[in-house]
Structure formats: structure tokens, C-alpha cells
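The next block is structure.txt, given as compact mmCIF, C-alpha atoms and all ligand atoms.
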```txt
# COMPACT_ATOMS: atom_id res chain seq x y z
CA MET A 1 67.48 66.51 -55.33
CA SER A 2 70.57 68.29 -56.62
CA LEU A 3 73.16 66.40 -58.59
CA SER A 4 75.84 67.05 -56.03
CA SER A 5 73.83 65.31 -53.34
CA HIS A 6 74.00 62.21 -55.54
CA HIS A 7 77.73 62.27 -55.64
CA LEU A 8 78.99 59.19 -53.87
CA ASN A 9 80.11 60.29 -50.48
CA ILE A 10 80.95 57.22 -48.53
CA SER A 11 80.56 59.02 -45.20
CA HIS A 12 76.80 59.33 -45.96
CA ILE A 13 76.27 55.64 -46.42
CA PRO A 14 75.48 53.69 -43.27
CA SER A 15 78.36 51.53 -42.15
CA PRO A 16 77.95 47.97 -43.28
CA VAL A 17 76.63 45.75 -40.55
CA LEU A 18 79.01 42.99 -41.50
CA LEU A 19 82.53 43.10 -40.23
CA GLY A 20 83.68 39.89 -41.78
CA ASN A 21 82.40 37.66 -44.51
CA GLU A 22 80.84 34.39 -43.48
CA VAL A 23 79.35 32.05 -46.04
CA GLU A 24 76.34 31.38 -43.77
CA GLN A 25 75.35 35.05 -44.09
CA VAL A 26 75.22 35.04 -47.89
CA ASP A 27 71.67 35.43 -49.13
CA VAL A 28 70.52 35.36 -52.76
CA THR A 29 67.42 36.78 -54.47
CA ARG A 30 66.93 35.76 -58.09
CA LEU A 31 65.82 38.63 -60.34
CA SER A 32 64.61 36.86 -63.47
CA PRO A 33 64.50 33.29 -64.78
CA ALA A 34 67.32 33.91 -67.25
CA ILE A 35 69.77 36.13 -65.43
CA GLY A 36 70.60 38.21 -62.37
CA ALA A 37 70.53 37.92 -58.59
CA ILE A 38 70.96 40.25 -55.64
CA VAL A 39 73.50 38.95 -53.15
CA SER A 40 73.37 40.22 -49.60
CA GLY A 41 75.50 39.39 -46.57
CA VAL A 42 78.83 40.11 -48.26
CA ASN A 43 80.93 43.17 -47.54
CA LEU A 44 83.08 43.72 -50.60
CA ALA A 45 85.41 46.04 -48.71
CA TYR A 46 86.68 43.09 -46.65
CA PRO A 47 88.83 40.20 -47.83
CA LEU A 48 86.74 37.20 -48.76
CA THR A 49 87.16 33.90 -46.99
CA SER A 50 87.81 31.06 -49.42
CA GLU A 51 84.29 29.73 -48.69
CA VAL A 52 82.69 33.05 -49.64
CA GLU A 53 84.88 33.31 -52.72
CA ILE A 54 83.83 29.82 -53.84
CA LYS A 55 80.19 30.67 -53.13
CA LEU A 56 80.41 33.85 -55.24
CA ARG A 57 82.05 31.92 -58.08
CA GLU A 58 79.17 29.41 -57.98
CA LEU A 59 76.59 32.18 -57.89
CA LEU A 60 78.25 33.99 -60.78
CA LEU A 61 78.13 30.87 -62.94
CA LYS A 62 74.50 30.29 -62.02
CA HIS A 63 73.09 33.85 -62.27
CA GLN A 64 75.64 35.45 -64.62
CA VAL A 65 75.32 38.90 -63.01
CA LEU A 66 75.34 39.52 -59.26
CA PHE A 67 74.29 42.77 -57.60
CA PHE A 68 75.51 43.92 -54.19
CA ARG A 69 73.89 46.85 -52.36
CA ASN A 70 75.13 49.33 -49.74
CA GLN A 71 78.80 48.76 -50.44
CA THR A 72 81.32 51.42 -49.50
CA ILE A 73 84.34 50.22 -51.40
CA THR A 74 87.21 52.47 -52.39
CA PRO A 75 88.91 51.87 -55.76
CA HIS A 76 91.68 49.94 -53.92
CA GLU A 77 89.08 47.69 -52.30
CA GLN A 78 87.26 47.24 -55.60
CA ARG A 79 90.55 46.11 -57.13
CA ALA A 80 91.22 43.74 -54.23
CA PHE A 81 87.71 42.22 -54.53
CA ALA A 82 88.05 41.71 -58.28
CA GLN A 83 91.51 40.15 -57.86
CA HIS A 84 89.94 37.28 -55.93
CA PHE A 85 88.69 36.07 -59.31
CA GLY A 86 91.83 36.54 -61.38
CA PRO A 87 94.45 39.03 -62.52
CA LEU A 88 93.08 42.30 -63.83
CA HIS A 89 93.09 43.84 -67.28
CA LEU A 90 94.62 47.20 -68.15
CA HIS A 91 92.36 48.89 -70.66
CA PRO A 92 94.07 50.26 -73.79
CA ILE A 93 91.80 53.29 -74.15
CA TYR A 94 89.76 54.30 -71.10
CA PRO A 95 91.11 56.69 -68.44
CA THR A 96 91.83 55.12 -65.06
CA VAL A 97 91.80 56.07 -61.37
CA ALA A 98 95.05 57.97 -60.68
CA ASP A 99 96.85 55.43 -58.49
CA VAL A 100 94.77 52.36 -59.38
CA PRO A 101 95.36 51.71 -63.09
CA GLU A 102 93.25 48.53 -63.00
CA ILE A 103 90.13 50.61 -62.31
CA ILE A 104 88.77 52.32 -65.39
CA VAL A 105 86.71 55.46 -65.09
CA LEU A 106 83.52 55.67 -67.14
CA ASP A 107 82.75 59.36 -66.75
CA THR A 108 80.28 61.02 -69.09
CA GLU A 109 82.16 64.29 -68.70
CA GLN A 110 85.53 62.78 -69.64
CA ASN A 111 84.54 60.78 -72.69
CA ASP A 112 81.18 60.96 -74.38
CA LEU A 113 80.42 57.35 -73.52
CA LYS A 114 77.44 56.78 -75.76
CA ASP A 115 79.28 53.72 -77.06
CA ASN A 116 78.12 51.75 -74.02
CA ALA A 117 74.49 52.37 -75.03
CA LEU A 118 74.49 49.32 -77.23
CA TRP A 119 74.64 45.64 -76.41
CA HIS A 120 78.21 44.55 -75.91
CA THR A 121 80.50 42.08 -74.22
CA ASP A 122 83.59 43.75 -72.82
CA VAL A 123 86.93 43.67 -74.62
CA THR A 124 86.07 40.94 -77.14
CA PHE A 125 88.61 42.67 -79.39
CA SER A 126 91.27 40.88 -77.32
CA GLN A 127 92.53 37.32 -78.00
CA THR A 128 91.52 36.51 -74.43
CA PRO A 129 88.42 38.54 -73.55
CA PRO A 130 87.71 39.13 -69.85
CA LEU A 131 86.25 36.51 -67.54
CA GLY A 132 84.18 39.18 -65.87
CA ALA A 133 83.97 42.69 -64.51
CA VAL A 134 83.07 44.50 -61.30
CA LEU A 135 81.26 47.81 -61.79
CA ALA A 136 80.73 50.31 -58.95
CA ALA A 137 78.40 53.31 -59.08
CA ARG A 138 80.32 56.44 -58.11
CA HIS A 139 78.11 59.30 -59.20
CA LEU A 140 74.56 58.81 -60.43
CA PRO A 141 72.00 60.99 -62.16
CA SER A 142 68.82 61.54 -60.12
CA SER A 143 66.99 59.24 -62.53
CA GLY A 144 67.92 57.13 -65.51
CA GLY A 145 71.28 55.55 -66.27
CA ASP A 146 70.10 51.97 -65.72
CA THR A 147 72.13 49.08 -67.08
CA LEU A 148 70.72 45.93 -68.67
CA TRP A 149 72.43 42.54 -68.87
CA ALA A 150 71.40 39.75 -71.23
CA SER A 151 72.13 36.08 -70.89
CA ALA A 152 73.89 34.96 -74.06
CA THR A 153 73.41 31.33 -72.98
CA ALA A 154 69.63 31.73 -72.62
CA ALA A 155 69.62 33.44 -76.02
CA TYR A 156 71.56 30.52 -77.52
CA ASP A 157 69.23 27.96 -75.94
CA ALA A 158 66.22 29.67 -77.56
CA LEU A 159 67.57 29.30 -81.10
CA SER A 160 66.20 26.58 -83.37
CA GLU A 161 68.30 23.45 -83.85
CA GLY A 162 68.84 24.40 -87.50
CA MET A 163 70.22 27.81 -86.56
CA LYS A 164 72.42 26.32 -83.80
CA GLN A 165 73.94 23.96 -86.35
CA ARG A 166 74.47 26.74 -88.88
CA LEU A 167 76.32 28.86 -86.30
CA GLU A 168 78.38 26.08 -84.73
CA HIS A 169 81.37 26.27 -87.07
CA LEU A 170 81.34 30.00 -87.78
CA THR A 171 83.83 32.53 -86.53
CA ALA A 172 83.64 36.33 -86.48
CA LEU A 173 85.99 39.30 -86.34
CA HIS A 174 86.07 41.65 -83.36
CA ASP A 175 87.68 45.08 -83.64
CA PHE A 176 88.14 47.70 -80.92
CA THR A 177 87.98 50.60 -83.41
CA HIS A 178 84.30 49.74 -83.98
CA SER A 179 83.38 51.20 -80.56
CA PHE A 180 86.44 53.37 -79.94
CA PRO A 181 86.76 55.56 -83.03
CA LEU A 182 89.78 57.82 -83.27
CA SER A 183 87.44 60.79 -83.71
CA ARG A 184 86.28 60.47 -80.07
CA PHE A 185 89.22 58.72 -78.42
CA GLY A 186 92.03 60.66 -80.10
CA ARG A 187 91.11 64.22 -79.33
CA THR A 188 94.42 65.20 -77.74
CA GLU A 189 97.88 64.24 -79.00
CA THR A 190 98.37 61.96 -75.95
CA GLU A 191 95.03 60.20 -76.57
CA LYS A 192 95.85 59.88 -80.25
CA GLN A 193 99.20 58.22 -79.53
CA LYS A 194 97.50 55.85 -77.06
CA TRP A 195 94.89 54.97 -79.70
CA LEU A 196 97.52 54.38 -82.40
CA ARG A 197 99.48 52.11 -80.07
CA ALA A 198 96.31 50.18 -79.26
CA ARG A 199 95.49 49.75 -82.94
CA GLU A 200 98.96 48.39 -83.59
CA GLN A 201 98.80 45.97 -80.66
CA LEU A 202 95.20 44.93 -81.18
CA PRO A 203 94.48 43.95 -84.77
CA PRO A 204 90.99 42.49 -85.39
CA VAL A 205 90.69 39.09 -83.73
CA GLU A 206 88.68 36.01 -84.73
CA HIS A 207 86.44 34.27 -82.19
CA PRO A 208 83.84 31.51 -82.50
CA VAL A 209 80.31 32.80 -83.03
CA ILE A 210 79.14 30.27 -80.44
CA ARG A 211 81.36 30.12 -77.38
CA VAL A 212 81.50 27.19 -75.02
CA HIS A 213 81.79 28.43 -71.46
CA PRO A 214 85.06 27.07 -70.04
CA GLU A 215 83.52 26.31 -66.62
CA THR A 216 79.86 25.41 -67.25
CA ASN A 217 80.27 24.04 -70.80
CA LYS A 218 77.13 25.98 -71.71
CA ARG A 219 76.98 27.48 -75.18
CA ALA A 220 76.57 31.21 -75.63
CA ILE A 221 76.13 33.58 -78.56
CA PHE A 222 79.49 35.34 -78.71
CA VAL A 223 79.01 38.13 -81.22
CA ASN A 224 78.16 41.62 -80.01
CA GLU A 225 77.19 44.91 -81.54
CA GLY A 226 80.02 46.73 -79.77
CA PHE A 227 82.93 44.96 -81.39
CA THR A 228 81.89 42.28 -83.90
CA THR A 229 82.33 43.55 -87.43
CA GLU A 230 81.81 40.52 -89.68
CA ILE A 231 81.25 36.79 -89.80
CA CYS A 232 84.18 35.16 -91.55
CA GLY A 233 83.63 33.38 -94.83
CA LEU A 234 80.23 34.93 -95.64
CA GLU A 235 79.39 37.57 -98.22
CA ALA A 236 79.20 41.04 -96.65
CA GLU A 237 75.40 41.19 -96.94
CA GLU A 238 74.96 37.69 -95.50
CA SER A 239 77.26 38.50 -92.62
CA ALA A 240 75.45 41.79 -91.90
CA ALA A 241 72.04 40.09 -91.99
CA LEU A 242 73.09 37.24 -89.70
CA LEU A 243 74.78 39.60 -87.25
CA ARG A 244 71.71 41.86 -87.22
CA PHE A 245 69.53 38.85 -86.38
CA LEU A 246 71.86 37.67 -83.59
CA PHE A 247 72.21 41.15 -82.05
CA GLN A 248 68.42 41.56 -82.01
CA HIS A 249 67.87 38.06 -80.69
CA VAL A 250 70.26 38.47 -77.71
CA SER A 251 68.60 41.76 -76.75
CA LYS A 252 65.12 40.26 -76.24
CA PRO A 253 63.65 41.17 -72.82
CA GLU A 254 63.15 37.46 -72.06
CA PHE A 255 66.92 37.02 -71.71
CA SER A 256 67.65 40.17 -69.76
CA VAL A 257 67.54 41.95 -66.43
CA ARG A 258 67.45 45.72 -65.92
CA TRP A 259 69.22 47.28 -62.95
CA THR A 260 68.36 50.72 -61.54
CA TRP A 261 71.46 51.89 -59.74
CA GLN A 262 71.56 53.29 -56.20
CA GLU A 263 74.52 54.74 -54.39
CA GLY A 264 76.66 51.93 -53.04
CA ASP A 265 75.63 49.40 -55.71
CA VAL A 266 78.17 47.08 -57.26
CA ALA A 267 77.55 44.66 -60.14
CA PHE A 268 79.73 41.64 -60.92
CA TRP A 269 79.13 39.84 -64.23
CA ASP A 270 80.37 36.85 -66.14
CA ASN A 271 81.59 38.39 -69.37
CA ARG A 272 81.84 34.97 -71.03
CA ALA A 273 78.10 34.42 -70.94
CA THR A 274 76.51 37.88 -71.05
CA GLN A 275 76.13 41.16 -72.87
CA HIS A 276 75.18 44.49 -71.33
CA TYR A 277 73.74 47.86 -72.32
CA ALA A 278 74.14 51.17 -70.45
CA VAL A 279 70.96 53.19 -71.02
CA ASN A 280 71.77 56.67 -72.32
CA ASP A 281 68.69 58.54 -71.07
CA TYR A 282 70.02 60.97 -68.45
CA ARG A 283 72.01 63.58 -70.41
CA PRO A 284 73.08 66.24 -69.64
CA HIS A 285 73.35 64.86 -66.10
CA HIS A 286 76.62 63.48 -64.92
CA ARG A 287 77.31 59.79 -64.28
CA ILE A 288 80.55 58.10 -63.15
CA MET A 289 81.17 54.38 -62.85
CA HIS A 290 84.35 52.52 -61.94
CA ARG A 291 85.11 49.15 -63.55
CA ALA A 292 87.63 46.46 -62.67
CA THR A 293 87.99 43.91 -65.46
CA ILE A 294 89.17 40.36 -64.75
CA LEU A 295 91.30 38.63 -67.37
CA GLY A 296 89.84 35.64 -69.16
CA ASP A 297 90.93 32.88 -71.48
CA ARG A 298 90.81 32.25 -75.19
CA PRO A 299 87.27 31.47 -76.34
CA PHE A 300 86.61 28.13 -78.01
CA GLY A 301 83.61 26.94 -79.95
CA PRO A 302 81.64 23.66 -79.93
CA ALA A 303 83.69 22.21 -82.79
CA ILE A 304 87.02 22.32 -80.98
CA THR A 305 88.67 19.11 -79.83
CA GLN A 306 89.85 18.57 -76.26
CA GLN A 307 93.43 18.73 -77.51
CA GLN A 308 92.93 22.14 -79.20
CA LYS A 309 91.13 23.39 -76.08
CA HIS A 310 94.18 22.82 -73.92
CA SER A 311 96.86 23.86 -76.42
O1 LIG A 401 78.04 52.25 -67.24
C1 LIG A 401 77.41 51.21 -67.22
O2 LIG A 401 76.37 51.07 -66.60
C2 LIG A 401 77.92 50.02 -67.96
C3 LIG A 401 79.33 50.20 -68.36
C4 LIG A 401 79.68 49.40 -69.54
O3 LIG A 401 78.96 49.28 -70.48
C5 LIG A 401 80.97 48.72 -69.53
O4 LIG A 401 81.66 48.76 -68.51
O5 LIG A 401 81.31 48.11 -70.54
```
Would it be possible to restate this file's structure as C-alpha cells?
Amino acid sequence: MSLSSHHLNISHIPSPVLLGNEVEQVDVTRLSPAIGAIVSGVNLAYPLTSEVEIKLRELLLKHQVLFFRNQTITPHEQRAFAQHFGPLHLHPIYPTVADVPEIIVLDTEQNDLKDNALWHTDVTFSQTPPLGAVLAARHLPSSGGDTLWASATAAYDALSEGMKQRLEHLTALHDFTHSFPLSRFGRTETEKQKWLRAREQLPPVEHPVIRVHPETNKRAIFVNEGFTTEICGLEAEESAALLRFLFQHVSKPEFSVRWTWQEGDVAFWDNRATQHYAVNDYRPHHRIMHRATILGDRPFGPAITQQQKHS
């Protein structure tokens, strides 16, 4: 099949059967013990009733990444869906859809996005990393280009008690320049100015190595290969060794789910409890994804007091 026939053309996708969204129609298929579920019976192009919104929030907390098939959402509708779960983030680096700045464009022909082919949690270089994100497939290669998600809570649970205790009080630095180097994201003068502004506004930020989820209270490993550069207070070699162990540990197949995209697929993940990896196996074919990113709150670790949590 030619590449162009894979280009998302919403007129080729059968109209969704659902006209509204009723909670009774929501159906869930779990994909693995640790993470992931397919949700059917929801049309993301339509406003959600409060019951469906609550149901999706519950499902997100339980399964950590939700997949929806046969969706025909426009970027405006994708934004409206994501906004049900909170205000949206404006990315400091990525290009965006022309009149929808909250939707970032991940286009292999615009930026050489190999940086997503490593395990990462989105935007942890911010003081308040995103709650979650909604990713829509817009143009897919004929094969390849899968995405994997890992449960950082399942990975935490599998650590020994000794390691959990060792990690409990540690913090780590997260830096956007680690995955967005000026050499690739500053190729034009405009891009360079954008990058320099971002570096000024986003100095490296310190987060707990173990994050307590603000809604479930579950603990998650909160360092990622994309943005975490060092564990504070350790010698460089100790920090590198511990980070290497944690990155490898999170990426174990036992904690993950792998999604093979089809036209019309949308994924919605909890960025507080997961990491993901975009498989880079389809070059030179073209792939475009659109992402809406929902703002989150400041991470806190197990050692924090209730008073600090709310300050
Ligand atoms: O393109 C993908 O499948 C995943 C995108 C990604 O890694 C991201 O949005 O951070």
C-alpha cells in the first residue's frame, strides 16, 4: 500500500456509530496486567457527559494508558477532549498545528524525532510536569512506528524493600536540553531564538526520584532517560549507575504494553505514572502524530509532609 493511502483522511473512516456519549456504552478491554486498556463506546469528537468524563478519569487511574479506536477527531476536537481533564500545556520547542497551538505536531519530516525513541515521561523538565497527554495518529507508515508505555508504579512495586528505602529521599535533576539539543532544535534563527528563550525560562529542575501519585497515592519511579541528568547528592559515577539501573528496570516488558497504531487511533496516558517509547523502525517512511498535553501539578515524594504537599 502506498504511503499516501495511509495519510489520515477522515472521509475514508466509517462514521462513528455513536452520536452521543453514554456511560452505559463504555466498554473496557485490559491489555496487560500492568498497564493499558482499549476503551470502546466513546466518541472523542463529541463533548463528554460528566458521567463519561468521570468514568474515563477512573479508567485512566486504573489502566494508566487508554486506547480509543476509529476516532475521527480534528485538532480542535482533540483539544476539546483533552481540556476535559485540565488546562493544556504550550510546548516550548515543538511545532504546533497552525490555529491550535495546544496541539503539538510530531512529524518525522519536520524534526528528526529520534529523541522519542527512548523511554521518557513528557515534560519532566518543568516544575509541574503534565498530568497526561492525548496522542492521535495522523499519518502512519505502512508498518512499524509502534509506541510502548511502561507502568512506573508497577516498576516501583517490583523493587526490593532495600532499594525502595534507598530511593525514598533522593531527588534528581531534569533538563530539557538533554532531549532537545540546540544542534537539532536550533537549525534556523527563529528556532534558535525559541530554544534560547526556553533555556532561560526552564533551568534544570529537581524532582523526587520516587513520586507519589496525587490521586491514587501509588508510588512511581520518576526518573526517565529523556530528561533526567543526575541524582542529587551522589558522586557522578554513583548517580550514572543508579540511573542506568532505574532506566533499565522501568523498561522491562513485564511493566509495559506495546501499541500498533491504526488510522483513527488515539491514546490517552497518565504522565504521572508512566513512561513511553516511540519505536524508530520505519525510516525513511513518514509518520505524523498530534499531541495535546494536559497540565499537571508539582511532584512530591514519599517523605513529604501533608503540610508541604499543600503549600
Ligand atoms: O510518537 C509517538 O508514538 C510517541 C510520541 C512521544 O514520545 C511523545 O509525545 O512524547
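For the pair atom CA of Ala152 of chain A and atom CA of Asp27 of chain A, the interatomic distance is 25.0 Å.
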Interatomic distance (Å, one decimal) between atom C5 of ligand LIG 401 (chain A) and atom CA of Gly233 of chain A: 29.7 Å
Cut-off 7 Å, only C-alpha atoms and all ligand atoms, neighbours of ligand LIG 401 (chain A) as a PyMOL selection string: chain A and resi 106+116+122+135+145-147+276-278+289+291
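Of the listed residues (A:Val209, A:Asp157, A:Trp195, A:Pro204), A:Val209 comes nearest to Ala172 of chain A; the distances count all atoms listed in the file.
For the pair atom CA of Val42 of chain A and atom CA of Ala137 of chain A, the interatomic distance is 17.1 Å.
Distances from A:Leu60, A:Val26, A:Gly41, A:Arg199 to Thr274 of chain A were compared using all atoms listed in the file, and the smallest one belongs to A:Leu60.
Closest approach to Lys192 of chain A among A:Leu66, A:Ile93, A:Ala45, A:Ala98 is made by A:Ile93 (distances from all atoms listed in the file).
Across A:Lys252, A:His63, A:Arg138, A:Arg69, the tightest approach to Asn43 of chain A is made by A:Arg69 when counting all atoms listed in the file.
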Among listed residues A:Ser32, A:Gln25, A:Thr121, A:Ser143, nearest Thr293 of chain A (using all atoms listed in the file): A:Thr121
7 Å contact set for Val212 of chain A, only C-alpha atoms, chain neighbours under 4 positions out, as an MDAnalysis selection string: chainID A and resid 217:220 300:302
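Counting all atoms listed in the file and comparing A:Leu131, A:Ala292, A:Ala136, A:Cys232, the residue that lies closest to Pro214 of chain A is A:Leu131.
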Spatial neighbours of Asp99 of chain A, max dist 10 Å, only C-alpha atoms, sep filter under 4 positions, as a list in words: Pro75, His76 and Ile103 of chain A
